[in-house]
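K.L.:
Structure file protein_39.txt (compact mmCIF, C-alpha atoms) right here:
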```txt
# COMPACT_ATOMS: atom_id res chain seq x y z
CA MET A 1 137.55 97.55 110.35
CA SER A 2 139.31 96.13 107.32
CA SER A 3 141.34 98.48 105.16
CA ASP A 4 139.07 97.33 102.32
CA PHE A 5 136.24 99.12 104.05
CA ASP A 6 137.76 102.25 105.60
CA ALA A 7 134.76 104.49 106.10
CA LEU A 8 134.36 107.78 104.28
CA GLU A 9 133.03 110.59 106.42
CA PRO A 10 130.13 112.91 105.58
CA GLY A 11 131.47 115.90 103.70
CA GLN A 12 134.35 114.03 102.03
CA THR A 13 134.37 114.17 98.24
CA LEU A 14 135.08 111.64 95.53
CA GLY A 15 135.39 113.54 92.28
CA PRO A 16 132.16 115.53 91.85
CA TYR A 17 130.36 113.64 94.63
CA GLU A 18 130.06 114.68 98.29
CA ILE A 19 129.45 111.91 100.81
CA VAL A 20 126.25 112.24 102.83
CA GLU A 21 126.16 108.94 104.73
CA GLU A 22 126.93 105.22 104.47
CA ILE A 23 123.90 103.16 103.49
CA GLY A 24 125.25 99.63 102.95
CA ARG A 25 128.22 97.35 102.49
CA GLY A 26 129.05 93.91 101.15
CA GLY A 27 131.70 91.87 99.41
CA MET A 28 131.67 94.15 96.37
CA GLY A 29 132.07 97.41 98.24
CA VAL A 30 130.59 100.08 100.49
CA VAL A 31 127.61 102.13 99.30
CA TYR A 32 127.13 105.75 100.26
CA LYS A 33 124.40 108.27 99.73
CA ALA A 34 126.09 111.21 98.03
CA HIS A 35 125.27 114.53 96.43
CA GLU A 36 126.32 115.66 92.97
CA SER A 37 126.23 119.46 93.13
CA ALA A 38 126.67 120.10 89.40
CA LEU A 39 123.36 118.40 88.62
CA ASN A 40 121.85 118.93 92.08
CA ARG A 41 120.94 115.28 92.48
CA THR A 42 121.34 112.52 95.03
CA VAL A 43 123.22 109.42 93.91
CA ALA A 44 124.25 106.09 95.36
CA LEU A 45 128.04 105.81 95.32
CA LYS A 46 129.59 102.35 95.50
CA VAL A 47 133.25 102.35 96.50
CA LEU A 48 135.13 99.24 95.38
CA PRO A 49 137.18 97.38 98.01
CA ASP A 50 140.97 97.38 97.71
CA HIS A 51 141.27 93.70 96.82
CA LEU A 52 139.24 94.33 93.66
CA ALA A 53 140.37 97.84 92.80
CA ALA A 54 144.06 96.87 93.06
CA ASN A 55 143.62 94.36 90.23
CA PRO A 56 144.11 96.11 86.85
CA GLY A 57 142.42 93.24 85.01
CA PHE A 58 139.33 93.58 87.16
CA ILE A 59 139.13 97.36 86.70
CA GLN A 60 139.42 96.97 82.93
CA ARG A 61 136.70 94.33 82.84
CA PHE A 62 134.48 96.15 85.27
CA THR A 63 134.69 99.41 83.33
CA ARG A 64 133.71 97.60 80.14
CA GLU A 65 130.79 95.82 81.81
CA ALA A 66 129.62 98.96 83.60
CA GLN A 67 129.56 100.82 80.29
CA SER A 68 127.36 98.08 78.85
CA ALA A 69 125.08 98.12 81.89
CA ALA A 70 124.85 101.92 81.71
CA ALA A 71 123.15 101.51 78.34
CA LEU A 72 120.24 99.69 79.99
CA HIS A 73 117.16 101.86 80.39
CA HIS A 74 114.42 100.05 82.26
CA PRO A 75 112.35 101.07 85.31
CA GLY A 76 113.33 97.82 87.04
CA ILE A 77 117.09 98.36 86.68
CA VAL A 78 119.13 100.88 88.67
CA THR A 79 120.74 103.32 86.25
CA ILE A 80 124.53 103.64 86.26
CA PHE A 81 125.65 107.27 85.88
CA SER A 82 129.42 106.99 85.85
CA VAL A 83 132.48 104.96 86.77
CA GLY A 84 135.39 106.93 88.16
CA LYS A 85 138.54 107.12 90.24
CA HIS A 86 139.56 109.69 92.82
CA GLU A 87 143.19 109.32 93.86
CA LYS A 88 143.35 105.55 94.62
CA THR A 89 139.63 105.07 95.17
CA HIS A 90 137.48 103.53 92.42
CA TYR A 91 133.75 104.15 92.54
CA ILE A 92 130.47 103.73 90.67
CA ALA A 93 127.81 106.44 90.75
CA MET A 94 124.27 105.24 90.20
CA GLU A 95 120.64 106.04 90.72
CA PHE A 96 119.69 106.47 94.37
CA VAL A 97 116.67 104.34 95.30
CA LYS A 98 114.50 105.27 98.27
CA GLY A 99 113.68 101.92 99.80
CA ALA A 100 115.40 98.78 101.05
CA THR A 101 116.93 95.62 99.68
CA LEU A 102 114.75 92.55 99.41
CA ALA A 103 117.05 90.95 101.99
CA GLU A 104 116.27 93.75 104.45
CA VAL A 105 112.53 93.58 103.76
CA LEU A 106 112.48 89.81 104.37
CA GLU A 107 114.57 90.14 107.52
CA VAL A 108 112.19 92.69 109.03
CA GLY A 109 108.84 91.45 107.75
CA GLY A 110 109.35 87.75 107.20
CA PRO A 111 108.21 85.67 104.21
CA PHE A 112 105.80 87.05 101.61
CA ASP A 113 102.41 85.65 100.78
CA VAL A 114 102.09 83.94 97.39
CA PRO A 115 100.67 86.88 95.39
CA ARG A 116 103.37 89.29 96.55
CA ALA A 117 106.21 86.81 96.00
CA LEU A 118 104.99 86.03 92.48
CA ALA A 119 104.62 89.73 91.69
CA VAL A 120 108.16 90.56 92.83
CA ALA A 121 109.56 87.59 90.89
CA ALA A 122 107.69 88.74 87.78
CA GLU A 123 109.22 92.22 88.01
CA ILE A 124 112.68 90.69 88.44
CA CYS A 125 112.17 88.57 85.33
CA GLU A 126 110.91 91.55 83.35
CA ALA A 127 114.06 93.51 84.22
CA LEU A 128 116.28 90.53 83.43
CA GLY A 129 114.54 90.12 80.08
CA GLU A 130 115.67 93.63 79.14
CA ALA A 131 119.24 92.93 80.27
CA HIS A 132 119.43 89.56 78.52
CA GLU A 133 118.14 91.06 75.27
CA ASN A 134 121.16 93.36 75.47
CA ASN A 135 123.50 90.40 76.11
CA ILE A 136 124.07 91.31 79.76
CA ILE A 137 123.93 88.50 82.31
CA HIS A 138 123.85 89.48 85.96
CA ARG A 139 125.40 86.33 87.52
CA ASP A 140 124.71 87.35 91.12
CA ILE A 141 120.94 87.45 91.55
CA LYS A 142 120.14 87.44 95.28
CA PRO A 143 117.97 89.46 97.69
CA HIS A 144 120.88 91.80 98.51
CA ASN A 145 121.03 92.92 94.85
CA ILE A 146 117.29 93.50 94.53
CA MET A 147 115.88 96.78 95.79
CA LEU A 148 112.24 97.47 96.60
CA ASP A 149 111.58 101.20 96.37
CA ASP A 150 109.15 103.18 98.50
CA LYS A 151 106.31 102.11 96.19
CA ASN A 152 107.30 98.41 96.37
CA ARG A 153 108.68 98.40 92.82
CA VAL A 154 111.67 96.21 91.97
CA LYS A 155 115.01 97.85 91.15
CA MET A 156 117.82 95.48 90.16
CA THR A 157 121.38 96.55 90.95
CA ASP A 158 125.01 95.46 90.46
CA PHE A 159 124.77 94.62 86.76
CA GLY A 160 128.28 94.38 85.34
CA LEU A 161 130.09 94.17 88.66
CA ALA A 162 129.38 90.48 89.21
CA LYS A 163 130.43 89.60 85.66
CA ALA A 164 133.68 91.51 86.01
CA VAL A 165 134.49 89.57 89.16
CA ASN A 166 133.69 86.25 87.52
CA ASP A 167 135.65 87.12 84.38
CA GLN A 168 138.68 87.69 86.54
CA THR A 169 138.27 84.05 87.78
CA LEU A 170 139.00 85.04 91.35
CA THR A 171 137.40 81.80 92.54
CA THR A 172 140.23 79.81 90.97
CA ALA A 173 142.64 81.45 93.40
CA GLY A 174 140.51 80.36 96.33
CA PHE A 175 138.45 83.55 96.48
CA ILE A 176 134.68 83.13 96.46
CA LEU A 177 132.57 86.25 96.44
CA GLY A 178 130.26 85.89 99.41
CA THR A 179 128.24 82.79 100.18
CA PRO A 180 126.84 81.33 96.95
CA THR A 181 123.38 80.51 98.31
CA HIS A 182 121.67 81.62 95.11
CA MET A 183 124.21 80.35 92.60
CA SER A 184 123.11 78.10 89.75
CA PRO A 185 124.62 74.63 89.18
CA GLU A 186 126.62 75.77 86.13
CA PRO A 187 129.39 77.76 87.89
CA CYS A 188 129.42 75.16 90.68
CA ASN A 189 130.41 72.63 88.00
CA GLY A 190 132.89 74.95 86.30
CA GLN A 191 130.54 75.60 83.38
CA PRO A 192 129.76 79.01 81.85
CA ALA A 193 126.67 80.89 83.00
CA ASP A 194 124.05 82.26 80.63
CA GLN A 195 120.65 83.90 80.96
CA ARG A 196 119.14 80.65 82.24
CA SER A 197 121.59 80.74 85.15
CA ASP A 198 120.12 84.09 86.17
CA LEU A 199 116.64 82.58 85.96
CA TYR A 200 117.70 79.66 88.18
CA SER A 201 118.70 82.23 90.79
CA VAL A 202 115.30 83.90 90.46
CA GLY A 203 113.74 80.57 91.39
CA VAL A 204 115.91 80.45 94.51
CA VAL A 205 114.86 84.00 95.39
CA LEU A 206 111.19 83.04 94.90
CA TYR A 207 111.65 80.03 97.19
CA GLU A 208 113.27 82.30 99.80
CA MET A 209 110.54 84.93 99.56
CA LEU A 210 107.94 82.25 100.33
CA THR A 211 109.81 80.29 103.02
CA GLY A 212 112.12 82.89 104.58
CA ASN A 213 115.30 80.95 103.85
CA PRO A 214 117.33 79.84 100.82
CA PRO A 215 117.01 76.13 99.94
CA TYR A 216 120.57 75.04 100.70
CA SER A 217 122.91 75.71 103.61
CA GLY A 218 126.50 74.64 104.18
CA GLU A 219 129.36 75.25 106.57
CA THR A 220 131.62 76.48 103.75
CA PRO A 221 130.98 78.00 100.33
CA LEU A 222 132.50 74.94 98.66
CA SER A 223 130.23 72.52 100.51
CA LEU A 224 127.27 74.70 99.57
CA MET A 225 128.32 74.65 95.92
CA ARG A 226 128.51 70.85 95.97
CA GLN A 227 124.97 70.67 97.34
CA ILE A 228 123.71 72.99 94.61
CA ALA A 229 125.45 70.91 91.95
CA ASP A 230 124.55 67.44 93.24
CA MET A 231 121.51 67.48 95.53
CA PRO A 232 117.88 67.66 94.39
CA PHE A 233 116.26 71.04 94.93
CA PRO A 234 114.08 70.86 98.08
CA ASN A 235 110.34 70.57 97.49
CA ILE A 236 108.79 73.77 98.82
CA ARG A 237 105.83 71.77 100.12
CA GLU A 238 108.09 70.34 102.82
CA LYS A 239 107.93 73.83 104.36
CA LEU A 240 104.66 75.10 102.89
CA PRO A 241 102.29 72.14 102.43
CA ASP A 242 99.45 74.34 101.16
CA VAL A 243 101.35 76.21 98.44
CA PRO A 244 99.43 76.00 95.13
CA GLU A 245 100.52 73.30 92.69
CA GLU A 246 101.06 75.95 90.02
CA VAL A 247 103.64 77.67 92.24
CA VAL A 248 105.43 74.36 92.86
CA ARG A 249 105.61 73.80 89.10
CA ILE A 250 106.92 77.31 88.46
CA ILE A 251 109.69 76.95 91.02
CA GLU A 252 110.62 73.50 89.68
CA THR A 253 110.91 74.98 86.18
CA PHE A 254 113.13 77.84 87.37
CA VAL A 255 115.50 75.52 89.26
CA ALA A 256 115.80 72.53 86.94
CA LYS A 257 119.37 71.20 87.04
CA ASN A 258 119.51 71.08 83.24
CA PRO A 259 119.32 74.63 81.84
CA ASP A 260 117.38 73.31 78.83
CA ASP A 261 114.54 72.36 81.18
CA ARG A 262 114.24 75.86 82.69
CA TYR A 263 112.50 78.95 81.43
CA GLN A 264 114.54 80.10 78.48
CA SER A 265 113.93 83.83 78.82
CA GLY A 266 112.84 86.43 81.32
CA GLU A 267 109.78 87.16 79.19
CA GLU A 268 108.64 83.53 79.25
CA ALA A 269 109.06 83.33 83.03
CA CYS A 270 107.32 86.68 83.55
CA GLU A 271 104.29 85.56 81.54
CA GLU A 272 103.93 82.39 83.63
CA LEU A 273 104.29 84.30 86.90
CA ARG A 274 101.73 86.92 85.94
CA ALA A 275 99.30 84.23 84.78
CA ALA A 276 99.68 82.45 88.12
CA MET A 277 99.05 85.64 90.09
CA GLY A 278 96.04 86.62 88.01
CA GLY A 279 97.53 89.97 86.98
CA ARG A 280 97.59 91.35 90.53
CA ALA A 281 100.23 93.95 91.40
CA VAL A 282 102.47 93.91 94.43
CA PRO A 283 100.29 94.73 97.47
```
Would you mind writing the structure in this file as C-alpha cells?

P.N.:
Amino acid sequence: MSSDFDALEPGQTLGPYEIVEEIGRGGMGVVYKAHESALNRTVALKVLPDHLAANPGFIQRFTREAQSAAALHHPGIVTIFSVGKHEKTHYIAMEFVKGATLAEVLEVGGPFDVPRALAVAAEICEALGEAHENNIIHRDIKPHNIMLDDKNRVKMTDFGLAKAVNDQTLTTAGFILGTPTHMSPEPCNGQPADQRSDLYSVGVVLYEMLTGNPPYSGETPLSLMRQIADMPFPNIREKLPDVPEEVVRIIETFVAKNPDDRYQSGEEACEELRAAMGGRAVP
C-alpha cells in the first residue's frame, strides 16, 4: 500500500473524529466513516493523500474552495462541515450519505433505463445550478463523485477539491488526476473551464448511465484527452438504436464541442430533462 494511503484503523482519532471504518478511496484521498462525539453524529471523513497535502499552495487553495463549498445548502449537494489538520494529516469532514456512488450502482446493476437516467441527470443539473449561481464550478463531474442515497436521491460531492487541484496546475508537471473520461474539451485544449464544462460532463455521465460505458477510451490519459478534444462525440444510437430522438438531442446539446452550443445553465438543462421524462421521479 502506498504511503499516500496508509490505512487508519477503527478507533483512531483525527481531531474530534473517531474512525469507524474505511468506505472508499480514490486519487483525491481515502474516505472513512467516522463519529463526532461532541455532536453525536456520523460523518464522512476524507483524508487527503500526501502528494496533495504536502503542497502548501494546494492546501491554501483547497481551504479557500472548501469554505466556499461549505456555504452551499442544497439537498443535492453533500454538506461540508469542516476542514482540519491533525498532526500531519489533512482532512475534510462532511455529511455522511447512506447509499452508494453512481459508479458502484452502475457496476452492480448495469445501465439505467431512459426515465431513470434522465431523472438522475436532472437532479445533478439542479444541484449544479445552485453551485454555479454561487460561482462554484465542480470541474470533476463523474459517477464516482455522484452519490445515490438510500432513497435514490442524488448527492453531489467533492466540490472545491477538484478546483483546488486544477488551480495548482498539477497537470503541467505531468500529473493528471485520475483518468479524464468525463473531462470537457476545454481543459484538454488548455482553456479555462466554466459552468458549461460541468454540463458537458453531465452529458457524458448521462451517456454512461444509458450505455454502461463512457464514450471515449484510451491507453493513456493524454491520448484520451486528445480524443475528447478532437474526435466527434459518439452517437448513442450506435449502441442504443431505439433511444428516443429527444434523448439524442439532449445529449448532443450537453456535449457540443463549442460551449456556446451547450446548455448554458443547470436550470436550463434540468427543465429540458424533466420535460423529456414527463415529470417522473427516479424509480

K.L.:
Within 10 Å of Ser37 of chain A, counting all atoms listed in the file, which residues show up once you throw out same-chain ones fewer than 6 positions away? Write them as a list in words, please.

P.N.:
Pro16, Tyr17 and Glu18 of chain A

K.L.:
Next, the residues of the selection above should be written as a PDB file, in the frame of the given file with C-alpha atoms.

P.N.:
```
ATOM      1  CA  PRO A  16     132.160 115.530  91.850  1.00  0.00           C
ATOM      2  CA  TYR A  17     130.360 113.640  94.630  1.00  0.00           C
ATOM      3  CA  GLU A  18     130.060 114.680  98.290  1.00  0.00           C
TER       4      GLU A  18
END
```

K.L.:
Anything within 10 Å of (132.6, 113.2, 105.8): list those residues as a list in words, counting all atoms listed in the file and sticking to the file's coordinates.

P.N.:
Ala7, Leu8, Glu9, Pro10, Gly11, Gln12, Thr13, Glu18, Ile19, Val20, Glu21 and Glu22 of chain A

K.L.:
List every protein, DNA or RNA residue with an atom no more than 12 Å from (145.8, 98.4, 94.5) in the file's coordinates, counting only C-alpha atoms, and format the result as a ChimeraX atom specification.

P.N.:
/A:3-4,48-59,87-90

K.L.:
Any idea what the distance is between atom CA of Ala70 of chain A and atom CA of Lys46 of chain A?

P.N.:
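Here the two named atoms are 14.6 Å from each other.
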
K.L.:
Nearest residue to Ile146 of chain A out of A:Leu102, A:Val108, A:Ala276, A:Leu128, using all atoms listed in the file?

P.N.:
A:Leu102

K.L.:
With distances taken over all atoms listed in the file, which residue among A:Pro115, A:Gly203, A:Pro214, A:Gly190 lies nearest Pro244 of chain A?

P.N.:
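Among A:Pro115, A:Gly203, A:Pro214, A:Gly190, it is A:Pro115 that comes nearest to Pro244 of chain A.
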
K.L.:
So which one's closest to Val43 of chain A, A:Asn152, A:Ser217, A:Thr79, A:Gln67? Using all atoms listed in the file, please.

P.N.:
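Nearest to Val43 of chain A: A:Thr79.
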
K.L.:
Closest to Val30 of chain A among A:Cys188, A:Ala69, A:Ala121, A:Ala93, using only C-alpha atoms?

P.N.:
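Answer, going by the shortest atom-to-atom distance: A:Ala93.
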
K.L.:
So which residues touch Ala193 of chain A within 12 Å, counting only C-alpha atoms, skipping near sequence neighbours fewer than 3 positions away, as a PyMOL selection string?

P.N.:
chain A and resi 136-140+162-163+166-167+183-190+196-201+259

K.L.:
A:Gln191, A:Thr181, A:Phe233, A:Leu240: which is nearest Pro221 of chain A, counting only C-alpha atoms?

P.N.:
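Distance minimum relative to Pro221 of chain A lands on A:Thr181.
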
K.L.:
Between atom CA of Pro143 of chain A and atom CA of Ala103 of chain A, what is the distance in Å, rounded to a tenth?

P.N.:
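Computing it gives 4.6 Å between the two atoms.
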